[in-house]
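Worksheet for the structure shown next.
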Amino acid sequence: MNDYAQLLPIARAAMSTAREIVLSRGSFSVAAKGDRDMVTDVDLAVEDAVRGLLGKETPEIPVVGEERGGRAAGGLWWTLDPVDGTANFARGIPLCAVSLALVDGSRSVLAAISAPFLDVEYSAVDGHGAWAGEQRLRCSEVTDIADAVISLGDFALEEHESDRNRVRLGLLRDLGARAQRVRMIGTSAIDLAWVAHGKLDGTINLSNHPWDTMAGVLLVREAGGVVLDEDGTGHSADSAVTIALSPGVRDEIMATLRRNS
């Protein structure tokens, strides 16, 4: 199967279902799932509902989700983050999103991201552009780091990630001294969507969970941006990190990462 666009209505239906669940929950429960990590019953309800819809519409395509797991065995697979930015959501901060991608092997080929509290839905199909509703997206044309707004992914919570956090601190210091602004938004899906939308000029996420990144990665590529691994090679589901950039700041940001790695 390579006519990925025929699956876009299914992905959009999944986002509509997810959005309704997120917006309809006036109250919810929060449980710990790790050190300073959490899950809400909304995360679980969204994942179960979207899995049910995808299982009915595309039973031959496995689903890998943040909360319920799953395994890709090559070929096509869906990857889902039911609420990306759970910590924001749990505090009533509207920066959270549902992120769904169709991956072919290790490369995303279809994407749908819904930011329910921002009332925007993003979508992309490989070779057909990136969109916010009916608006076609283009990455920014910023070329000077002094004009750039760059976001960083969250600090890692696990003790064995101390080296990664050292890199994050170096990036904050380095970019903070030279970029127009540095932001930590708390959701990879919105970080990446906003690079595609031209609201950010780049985002550096020093991890690469496919449910967090694969949808947004396709949005950035289809909007004319570049998405790289830490060594500067092209990003895939197997990459160590996710660095999404407008082309004009690519060299400067990658040099900054090398200085602090």
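The chains in the structure tokens are called A, B, ... from first to last as shown; in each chain the residues are counted from 1, and the ligands are counted from 1 in the order shown.
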Might you pull out every residue within 10 Å of region 146-154 of chain A, with only C-alpha atoms counted and same-chain residues fewer than 2 positions away left off, and present them as a ChimeraX atom specification?
-> /A:85,140-144,156-157,165,168,171-172,175-188,191-192,194-195,198-207,242-246,248-249,253
Would you please give, as a ChimeraX atom specification, all residues of region 30-249 of chain A that DSSP assigns to helix (DSSP H, G or I) based on the backbone?
-> /A:41-57,86-90,116-118,145-147,159-178,188-196,210-222,247-249
Pick out the residues sitting within 9 Å of Ile21 (chain A), and hand them over as a PyMOL selection string; count only C-alpha atoms, and ignore anything fewer than 4 positions along from it in its own chain.
-> chain A and resi 16-17+25+42+45-46+49
Please write the residues from the selection above to a file, keeping C-alpha atoms, as a PDB file, in the first residue's frame.
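The resulting file, part_33.pdb, is shown below:
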```
ATOM      1  CA  SER A  16     -12.246  14.088  16.102  1.00  0.00           C
ATOM      2  CA  THR A  17     -12.954  11.251  18.520  1.00  0.00           C
ATOM      3  CA  ARG A  25     -13.797  15.667  30.609  1.00  0.00           C
ATOM      4  CA  VAL A  42      -8.151  10.841  29.745  1.00  0.00           C
ATOM      5  CA  ALA A  45      -9.701   6.803  27.328  1.00  0.00           C
ATOM      6  CA  VAL A  46      -8.308   8.523  24.223  1.00  0.00           C
ATOM      7  CA  ALA A  49     -11.017   4.917  21.675  1.00  0.00           C
TER       8      ALA A  49
END
```
Tell me, as a PyMOL selection string, which residues lie within 7 Å of Val167 (chain A), counting only C-alpha atoms; anything in the same chain fewer than 4 positions away does not count.
-> chain A and resi 163+171+260-261
According to DSSP computed on the backbone, where in region 77-204 of chain A is there strand (DSSP E)? Give the residues as a PDB file with C-alpha atoms, in the first residue's frame.
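Dumped everything to states.pdb:
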```pdb
ATOM      1  CA  TRP A  77       2.234   0.891  11.661  1.00  0.00           C
ATOM      2  CA  TRP A  78       0.378   3.578  13.546  1.00  0.00           C
ATOM      3  CA  THR A  79       1.933   5.374  16.494  1.00  0.00           C
ATOM      4  CA  LEU A  80      -0.201   7.321  18.946  1.00  0.00           C
ATOM      5  CA  ASP A  81       0.298   9.677  21.848  1.00  0.00           C
ATOM      6  CA  PRO A  82      -3.191  10.139  23.325  1.00  0.00           C
ATOM      7  CA  VAL A  83      -2.252  13.258  25.309  1.00  0.00           C
ATOM      8  CA  ASP A  84       1.181  14.652  24.540  1.00  0.00           C
ATOM      9  CA  ALA A  97      -2.073  17.568  21.825  1.00  0.00           C
ATOM     10  CA  VAL A  98      -3.139  14.221  20.447  1.00  0.00           C
ATOM     11  CA  SER A  99      -0.550  12.930  17.991  1.00  0.00           C
ATOM     12  CA  LEU A 100      -1.100  10.157  15.440  1.00  0.00           C
ATOM     13  CA  ALA A 101       1.282   9.082  12.676  1.00  0.00           C
ATOM     14  CA  LEU A 102       1.323   6.360  10.068  1.00  0.00           C
ATOM     15  CA  VAL A 103       4.853   5.049   9.676  1.00  0.00           C
ATOM     16  CA  ASP A 104       6.136   2.997   6.741  1.00  0.00           C
ATOM     17  CA  ARG A 107       9.650   6.926   8.068  1.00  0.00           C
ATOM     18  CA  SER A 108       6.399   8.736   8.810  1.00  0.00           C
ATOM     19  CA  VAL A 109       4.107   9.066   5.803  1.00  0.00           C
ATOM     20  CA  LEU A 110       0.868  10.449   7.282  1.00  0.00           C
ATOM     21  CA  ALA A 111       0.284  12.691  10.282  1.00  0.00           C
ATOM     22  CA  ALA A 112      -2.606  14.100  12.261  1.00  0.00           C
ATOM     23  CA  ILE A 113      -2.202  16.269  15.357  1.00  0.00           C
ATOM     24  CA  SER A 114      -5.064  17.846  17.285  1.00  0.00           C
ATOM     25  CA  ALA A 115      -4.499  20.589  19.862  1.00  0.00           C
ATOM     26  CA  VAL A 120      -6.390  23.633  15.644  1.00  0.00           C
ATOM     27  CA  GLU A 121      -5.796  20.397  13.782  1.00  0.00           C
ATOM     28  CA  TYR A 122      -2.698  19.684  11.753  1.00  0.00           C
ATOM     29  CA  SER A 123      -2.316  17.087   9.026  1.00  0.00           C
ATOM     30  CA  ALA A 124       0.161  15.945   6.402  1.00  0.00           C
ATOM     31  CA  VAL A 125       0.603  13.205   3.852  1.00  0.00           C
ATOM     32  CA  ALA A 130       1.431  20.141   5.668  1.00  0.00           C
ATOM     33  CA  TRP A 131      -1.758  21.839   6.764  1.00  0.00           C
ATOM     34  CA  ALA A 132      -3.416  23.567   9.712  1.00  0.00           C
ATOM     35  CA  GLN A 135      -4.050  26.615   5.608  1.00  0.00           C
ATOM     36  CA  ARG A 136      -0.944  25.256   3.930  1.00  0.00           C
ATOM     37  CA  VAL A 149      12.796  31.384  18.613  1.00  0.00           C
ATOM     38  CA  ILE A 150      13.922  27.879  19.548  1.00  0.00           C
ATOM     39  CA  SER A 151      12.212  25.387  21.813  1.00  0.00           C
ATOM     40  CA  LEU A 152      13.820  22.617  23.854  1.00  0.00           C
ATOM     41  CA  ARG A 181      14.072  33.534  22.745  1.00  0.00           C
ATOM     42  CA  VAL A 182      14.298  29.983  24.068  1.00  0.00           C
ATOM     43  CA  ARG A 183      11.100  28.182  25.064  1.00  0.00           C
ATOM     44  CA  GLY A 202      13.513  25.136  15.493  1.00  0.00           C
ATOM     45  CA  THR A 203      13.055  22.589  18.242  1.00  0.00           C
ATOM     46  CA  ILE A 204      15.591  20.294  19.872  1.00  0.00           C
TER      47      ILE A 204
END
```
Pick from A:Asp43, A:Ala11, A:Ala32, A:Ile145 nearest to Thr58 (chain A), counting only C-alpha atoms =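 Counting only C-alpha atoms, the residue closest to Thr58 (chain A) is A:Ala11.
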Which residue gives the smallest distance to Pro9 (chain A) among A:Met254, A:Gly234, A:Ala72, A:Leu53, with only C-alpha atoms counted?
->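 Smallest separation from Pro9 (chain A) among the options: A:Leu53.
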Which residues come within 8 Å of Leu44 (chain A), counting only C-alpha atoms, excluding same-chain residues fewer than 4 positions away, as a PyMOL selection string?
-> chain A and resi 39-40+48+67+82
For the residues selected in the previous step, produce a file with N, CA, C and O atoms as a PDB file, in the first residue's frame.
```
ATOM      1  N   VAL A  39       0.020   9.701  34.318  1.00  0.00           N
ATOM      2  CA  VAL A  39      -0.973   9.376  33.303  1.00  0.00           C
ATOM      3  C   VAL A  39      -2.336   9.734  33.884  1.00  0.00           C
ATOM      4  O   VAL A  39      -2.565   9.606  35.083  1.00  0.00           O
ATOM      5  N   THR A  40      -3.226  10.225  33.032  1.00  0.00           N
ATOM      6  CA  THR A  40      -4.594  10.505  33.472  1.00  0.00           C
ATOM      7  C   THR A  40      -5.542   9.504  32.836  1.00  0.00           C
ATOM      8  O   THR A  40      -5.190   8.823  31.858  1.00  0.00           O
ATOM      9  N   ASP A  48      -7.632   4.180  24.111  1.00  0.00           N
ATOM     10  CA  ASP A  48      -8.533   3.049  23.877  1.00  0.00           C
ATOM     11  C   ASP A  48      -9.523   3.344  22.756  1.00  0.00           C
ATOM     12  O   ASP A  48      -9.804   2.482  21.909  1.00  0.00           O
ATOM     13  N   GLU A  67       0.599   4.567  25.999  1.00  0.00           N
ATOM     14  CA  GLU A  67       0.073   4.008  27.245  1.00  0.00           C
ATOM     15  C   GLU A  67      -0.158   2.510  27.179  1.00  0.00           C
ATOM     16  O   GLU A  67       0.032   1.811  28.175  1.00  0.00           O
ATOM     17  N   PRO A  82      -1.811   9.688  23.100  1.00  0.00           N
ATOM     18  CA  PRO A  82      -3.191  10.139  23.325  1.00  0.00           C
ATOM     19  C   PRO A  82      -3.291  11.521  23.941  1.00  0.00           C
ATOM     20  O   PRO A  82      -4.250  12.249  23.663  1.00  0.00           O
TER      21      PRO A  82
END
```
Can you tell me, as a PyMOL selection string, what residues are no more than 12 Å from Ser239 (chain A) when counting only C-alpha atoms, ignoring any on the same chain fewer than 2 positions away?
-> chain A and resi 106-107+205-210+213-214+217+227-237+241-243
Selected residues written out with C-alpha atoms, as a compact mmCIF listing (two decimals), in the first residue's frame:
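Dumped to result-v1.txt:
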```
# COMPACT_ATOMS: atom_id res chain seq x y z
CA SER A 106 10.95 3.84 9.92
CA ARG A 107 9.65 6.93 8.07
CA ASN A 205 14.23 17.15 21.50
CA LEU A 206 16.97 14.97 22.97
CA SER A 207 14.83 11.86 22.82
CA ASN A 208 12.82 10.16 20.10
CA HIS A 209 9.77 8.25 21.29
CA PRO A 210 7.86 7.61 18.06
CA THR A 213 7.63 12.78 17.32
CA MET A 214 6.68 10.92 14.16
CA VAL A 217 8.36 15.20 11.93
CA VAL A 227 14.52 17.00 10.67
CA LEU A 228 17.80 15.48 11.80
CA ASP A 229 19.35 13.01 14.18
CA GLU A 230 22.12 14.23 16.50
CA ASP A 231 24.84 13.35 13.97
CA GLY A 232 23.17 15.44 11.27
CA THR A 233 21.77 12.52 9.29
CA GLY A 234 18.10 12.39 8.36
CA HIS A 235 15.63 11.57 11.11
CA SER A 236 13.82 8.23 11.32
CA ALA A 237 11.92 6.23 13.92
CA VAL A 241 17.05 12.52 18.99
CA THR A 242 14.69 14.76 17.02
CA ILE A 243 15.99 18.11 15.80
```
